[in-house]
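Engineer: Pasting a structure here, questions to come.
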Amino acid sequence: MESRKSTFQEYTSETISSSPFTSFLYNRDIEKHRHLFFEFTFCLSGEIVNVVNGVKVPTTAFRELLILRPGDTHEMIRETPPSPTPEFHRDIYCMKDKFKAVCDFLKPGLYEEILNEEGPIVVPCERLSLESLEKMASSLSCDLVDLKDNMDRLDRHHTVVLCNILDLYLEAKRDKKEPYPEWIRKFLQSLNTERTLRMPIGDIVKELHYSRGHMCREFKKYVGKTMVECLNESRIFYGAMLLSNSDASILDIAMRLNFSSQSAFTNAFKKVYGISPRAWRNAQR
């Protein structure tokens, strides 16, 4: 009996040959396809619904990491009207042999555990964990312009990114850490909005209805960073998306995100990404 031809595309290593480690992509409808490698994806802004093996998985910015395995079918759909602000997601790729080797190094049986999980694998994450992962993956992406000359170094960097992903997966399996107080969760969630990113820290604090001294002490205790550090890092992540998605000048972006000057924005950007905003923009185009 003749087998029926597949009605959807298969994503092979050839599909991602020009960017074999990671891609920075628009949130858009992506037709049903099947993976023959591992893919790890998370929203950077906006929201999108992933459909994995027929199951809908809504995802929002910096909240969940989705693990797609070889053989999984996948599509992306937008169920809400597009936002006027940039909407992106990050994909990270890995071939089966390498992923198994990394899993076996970290924990015997981990590869089989992931393969045999029932249903879509959704890893709930704190915003700061996914911001850290995005920082690592985006640095990898910037170097793809020199892919052939830097393959060994890029491969090592990619291995570190995979270890970070697996650590997030394993952490989600362990006992939960002490939850953040509600006002900290509210503050971290608000960093997804351009309104908050454009506000001075003093105005943000007033909306949380606690004394600034109390919030500064408690935030540092729970998160390990200050509120200002988190706010500025989120401004930089958002600025990187604006650099990739618009023709706005670097000065305009700096002013839009409440930096005092272009040089202040540039210095803060270099601390996060290791390169200037102009170099980042050139590497993404």
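Residues are referred to by chain and number: the chain letter is A, B, ... according to the order shown in the structure tokens, the number counts from 1 in that chain, and ligands are numbered separately from 1 in the order shown.
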Where in segment 57-250 of chain A does DSSP assign alpha helix (DSSP H), given as a ChimeraX atom specification?
Structural biologist: /A:96-106,110-116,127-142,151-173,182-190,194-197,201-208,212-223,227-245,250
Engineer: Write the selection just made, keeping C-alpha atoms, as a short mmCIF file (atom, residue, chain, number, x, y, z; two decimals), in the first residue's frame?
Structural biologist:
data_model
loop_
_atom_site.label_atom_id
_atom_site.label_comp_id
_atom_site.auth_asym_id
_atom_site.auth_seq_id
_atom_site.Cartn_x
_atom_site.Cartn_y
_atom_site.Cartn_z
CA LYS A 96 20.05 14.97 18.22
CA ASP A 97 23.59 13.59 18.70
CA LYS A 98 24.93 16.73 20.32
CA PHE A 99 21.91 17.15 22.58
CA LYS A 100 22.23 13.55 23.77
CA ALA A 101 25.92 14.07 24.53
CA VAL A 102 25.21 17.19 26.59
CA CYS A 103 22.34 15.48 28.43
CA ASP A 104 24.46 12.40 29.21
CA PHE A 105 27.23 14.63 30.57
CA LEU A 106 24.85 16.45 32.92
CA LEU A 110 18.18 12.82 31.03
CA TYR A 111 17.98 12.51 27.22
CA GLU A 112 15.54 9.60 27.45
CA GLU A 113 13.53 11.43 30.13
CA ILE A 114 13.01 14.41 27.81
CA LEU A 115 12.19 12.23 24.81
CA ASN A 116 9.60 10.24 26.76
CA ARG A 127 11.87 36.53 33.71
CA LEU A 128 15.47 37.00 34.82
CA SER A 129 16.36 33.42 33.85
CA LEU A 130 15.09 33.90 30.30
CA GLU A 131 16.72 37.31 30.04
CA SER A 132 20.03 35.63 30.91
CA LEU A 133 19.39 32.94 28.29
CA GLU A 134 18.52 35.58 25.69
CA LYS A 135 21.73 37.45 26.45
CA MET A 136 23.78 34.27 25.86
CA ALA A 137 21.89 33.27 22.71
CA SER A 138 21.92 36.76 21.19
CA SER A 139 25.69 36.96 21.61
CA LEU A 140 25.89 33.69 19.70
CA SER A 141 23.64 35.11 17.01
CA CYS A 142 25.82 38.18 16.50
CA MET A 151 32.60 27.36 14.04
CA ASP A 152 34.61 25.72 16.85
CA ARG A 153 34.19 28.69 19.19
CA LEU A 154 30.52 29.04 18.31
CA ASP A 155 29.97 25.35 18.96
CA ARG A 156 31.49 25.69 22.45
CA HIS A 157 29.33 28.73 23.17
CA HIS A 158 26.30 26.80 21.92
CA THR A 159 27.10 23.98 24.37
CA VAL A 160 27.06 26.46 27.25
CA VAL A 161 23.65 27.73 26.07
CA LEU A 162 22.34 24.14 26.01
CA CYS A 163 23.61 23.54 29.55
CA ASN A 164 21.75 26.66 30.66
CA ILE A 165 18.54 25.39 29.01
CA LEU A 166 18.86 21.99 30.68
CA ASP A 167 19.49 23.63 34.02
CA LEU A 168 16.17 25.52 33.63
CA TYR A 169 14.45 22.23 32.79
CA LEU A 170 15.93 20.43 35.79
CA GLU A 171 15.23 23.37 38.11
CA ALA A 172 11.56 23.25 37.13
CA LYS A 173 11.54 19.58 38.16
CA GLU A 182 3.26 39.68 44.72
CA TRP A 183 4.64 43.22 44.29
CA ILE A 184 7.95 41.84 42.96
CA ARG A 185 6.08 39.64 40.47
CA LYS A 186 4.01 42.67 39.47
CA PHE A 187 7.14 44.75 38.92
CA LEU A 188 8.91 42.03 36.86
CA GLN A 189 5.78 41.44 34.77
CA SER A 190 5.46 45.18 34.10
CA GLU A 194 7.00 49.90 26.98
CA ARG A 195 5.05 52.15 29.34
CA THR A 196 7.09 50.91 32.32
CA LEU A 197 10.38 50.96 30.41
CA ILE A 201 12.21 54.34 38.68
CA GLY A 202 10.71 56.80 41.19
CA ASP A 203 7.37 56.83 39.34
CA ILE A 204 7.34 53.03 39.12
CA VAL A 205 7.97 52.73 42.86
CA LYS A 206 5.06 55.07 43.65
CA GLU A 207 2.67 52.76 41.79
CA LEU A 208 3.70 49.80 43.97
CA ARG A 212 11.30 52.77 48.50
CA GLY A 213 13.73 51.65 51.21
CA HIS A 214 11.67 48.54 51.99
CA MET A 215 11.32 47.61 48.33
CA CYS A 216 15.02 48.06 47.60
CA ARG A 217 16.01 45.77 50.49
CA GLU A 218 13.42 43.09 49.76
CA PHE A 219 13.97 43.11 46.00
CA LYS A 220 17.72 42.62 46.33
CA LYS A 221 17.17 39.82 48.87
CA TYR A 222 14.80 37.87 46.61
CA VAL A 223 16.15 38.64 43.15
CA MET A 227 15.28 47.22 40.79
CA VAL A 228 17.26 49.75 38.78
CA GLU A 229 19.57 47.03 37.41
CA CYS A 230 16.58 44.95 36.30
CA LEU A 231 14.84 47.96 34.77
CA ASN A 232 17.93 49.03 32.83
CA GLU A 233 18.63 45.48 31.58
CA SER A 234 15.03 45.18 30.37
CA ARG A 235 15.36 48.55 28.63
CA ILE A 236 18.46 47.24 26.87
CA PHE A 237 16.72 44.02 25.76
CA TYR A 238 13.84 46.08 24.41
CA GLY A 239 16.26 48.53 22.80
CA ALA A 240 17.92 45.60 21.00
CA MET A 241 14.55 44.68 19.50
CA LEU A 242 13.98 48.27 18.39
CA LEU A 243 17.43 48.33 16.79
CA SER A 244 16.61 45.16 14.84
CA ASN A 245 13.09 46.12 13.86
CA ILE A 250 20.18 55.24 18.32
#
Engineer: Can you measure atom CA of Val57 of chain A to atom CA of Ser19 of chain A for me? One decimal in Å is fine.
Structural biologist: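 Computing the Euclidean distance for atom CA of Val57 of chain A and atom CA of Ser19 of chain A yields 25.3 Å.
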Engineer: Could you tell me how far atom CA of Pro277 of chain A sits from atom CA of Leu257 of chain A, in Å to one decimal place?
Structural biologist: 13.7 Å
Engineer: I want to know what sits within 8 Å of Val55 of chain A, based on only C-alpha atoms, with residues of the same chain fewer than 2 positions away left out; could you give that as an NGL selection string?
Structural biologist: :A and (51-53 or 57 or 119-120)
Engineer: Please write the residues from the selection above to a file, keeping C-alpha atoms, as a CSV table (one decimal), in the first residue's frame.
Structural biologist:
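Here's the written file again_19.csv:
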chain,number,residue,atom,x,y,z
A,51,VAL,CA,0.6,24.3,18.6
A,52,VAL,CA,2.6,21.1,19.5
A,53,ASN,CA,1.3,17.8,18.3
A,57,VAL,CA,0.5,26.2,24.2
A,119,GLY,CA,2.6,16.2,25.9
A,120,PRO,CA,4.3,19.5,25.1
Engineer: With only C-alpha atoms as the basis for distance, which of A:Ala61, A:Met199, A:Asn27, A:Glu75 is at the shortest distance from Phe259 of chain A?
Structural biologist: A:Met199
Engineer: From a DSSP calculation on the backbone, collect every residue of segment 15-242 of chain A in strand (DSSP E or B) and output the set as a PDB file with C-alpha atoms, in the first residue's frame.
Structural biologist:
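Once everything was written out, this is out15.pdb:
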ATOM      1  CA  THR A  22      19.846  30.250  16.859  1.00  0.00           C
ATOM      2  CA  SER A  23      17.453  32.694  15.182  1.00  0.00           C
ATOM      3  CA  PHE A  24      15.784  35.927  16.291  1.00  0.00           C
ATOM      4  CA  LEU A  25      12.355  35.925  14.616  1.00  0.00           C
ATOM      5  CA  TYR A  26       9.109  37.858  14.258  1.00  0.00           C
ATOM      6  CA  ILE A  30       4.078  29.712  10.940  1.00  0.00           C
ATOM      7  CA  GLU A  31       2.532  26.785   9.083  1.00  0.00           C
ATOM      8  CA  LYS A  32       2.529  23.278  10.498  1.00  0.00           C
ATOM      9  CA  HIS A  33       5.889  21.532  10.222  1.00  0.00           C
ATOM     10  CA  ARG A  34       7.765  18.639  11.811  1.00  0.00           C
ATOM     11  CA  HIS A  35      11.119  18.902  13.544  1.00  0.00           C
ATOM     12  CA  PHE A  38      15.578  19.807  18.942  1.00  0.00           C
ATOM     13  CA  GLU A  39      14.304  23.374  19.108  1.00  0.00           C
ATOM     14  CA  PHE A  40      13.947  25.580  22.189  1.00  0.00           C
ATOM     15  CA  THR A  41      11.768  28.647  21.778  1.00  0.00           C
ATOM     16  CA  PHE A  42      10.531  31.507  23.965  1.00  0.00           C
ATOM     17  CA  CYS A  43       8.779  34.853  23.460  1.00  0.00           C
ATOM     18  CA  GLU A  47       2.503  36.682  22.808  1.00  0.00           C
ATOM     19  CA  ILE A  48       1.916  33.776  20.461  1.00  0.00           C
ATOM     20  CA  VAL A  49       0.220  30.386  20.559  1.00  0.00           C
ATOM     21  CA  ASN A  50       2.415  27.390  19.758  1.00  0.00           C
ATOM     22  CA  VAL A  51       0.564  24.257  18.650  1.00  0.00           C
ATOM     23  CA  VAL A  52       2.590  21.136  19.470  1.00  0.00           C
ATOM     24  CA  VAL A  55      -2.079  20.854  21.619  1.00  0.00           C
ATOM     25  CA  LYS A  56      -2.283  24.644  22.009  1.00  0.00           C
ATOM     26  CA  VAL A  57       0.458  26.181  24.170  1.00  0.00           C
ATOM     27  CA  PRO A  58      -0.033  29.951  24.741  1.00  0.00           C
ATOM     28  CA  THR A  59       3.256  31.732  25.464  1.00  0.00           C
ATOM     29  CA  THR A  60       3.981  35.263  26.637  1.00  0.00           C
ATOM     30  CA  GLU A  64       7.925  30.016  29.404  1.00  0.00           C
ATOM     31  CA  LEU A  65      10.523  27.981  27.520  1.00  0.00           C
ATOM     32  CA  LEU A  66       9.086  25.456  25.055  1.00  0.00           C
ATOM     33  CA  ILE A  67      11.109  22.334  24.198  1.00  0.00           C
ATOM     34  CA  LEU A  68      10.363  20.756  20.799  1.00  0.00           C
ATOM     35  CA  THR A  73       4.752  18.716  14.863  1.00  0.00           C
ATOM     36  CA  HIS A  74       4.692  22.464  15.437  1.00  0.00           C
ATOM     37  CA  GLU A  75       2.940  25.570  14.211  1.00  0.00           C
ATOM     38  CA  MET A  76       2.546  29.126  15.484  1.00  0.00           C
ATOM     39  CA  ILE A  77      -0.656  31.140  15.398  1.00  0.00           C
ATOM     40  CA  PHE A  88       9.710  38.644  18.590  1.00  0.00           C
ATOM     41  CA  HIS A  89      10.698  35.194  19.760  1.00  0.00           C
ATOM     42  CA  ARG A  90      14.013  33.365  20.061  1.00  0.00           C
ATOM     43  CA  ASP A  91      14.652  29.905  18.593  1.00  0.00           C
ATOM     44  CA  ILE A  92      17.669  27.823  19.620  1.00  0.00           C
ATOM     45  CA  TYR A  93      18.481  24.648  17.667  1.00  0.00           C
ATOM     46  CA  CYS A  94      20.396  21.457  18.380  1.00  0.00           C
ATOM     47  CA  ILE A 121       7.276  20.278  27.309  1.00  0.00           C
ATOM     48  CA  VAL A 122       6.690  23.752  28.741  1.00  0.00           C
ATOM     49  CA  VAL A 123       9.276  24.961  31.254  1.00  0.00           C
ATOM     50  CA  PRO A 124       7.969  27.802  33.463  1.00  0.00           C
TER      51      PRO A 124
END
Engineer: For a quick check of understanding, using only C-alpha atoms, which of A:Ser211, A:Ile16, A:Ser276, A:Arg198 has the smallest distance to Ser260 of chain A?
Structural biologist: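 The shortest atom-to-atom distance to Ser260 of chain A comes from A:Arg198.
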Engineer: Would you compute the distance between atom CA of Tyr11 of chain A and atom CA of Gly54 of chain A? Give it in Å to one decimal.
Structural biologist: 17.3 Å
Engineer: Near segment 12-14 of chain A, counting only C-alpha atoms, which residues have an atom at most 8 Å away, once you skip same-chain residues fewer than 5 positions from it, shown as a list in words?
Structural biologist: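 What passes the distance filter is Pro20, His35, Leu36, Phe37 and Met95 of chain A.
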Engineer: Of the candidates A:Glu117, A:Leu44, A:Asp29, A:Ser246, which one gets nearest to Arg78 of chain A if we count only C-alpha atoms?
Structural biologist: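 Closest candidate: A:Asp29.
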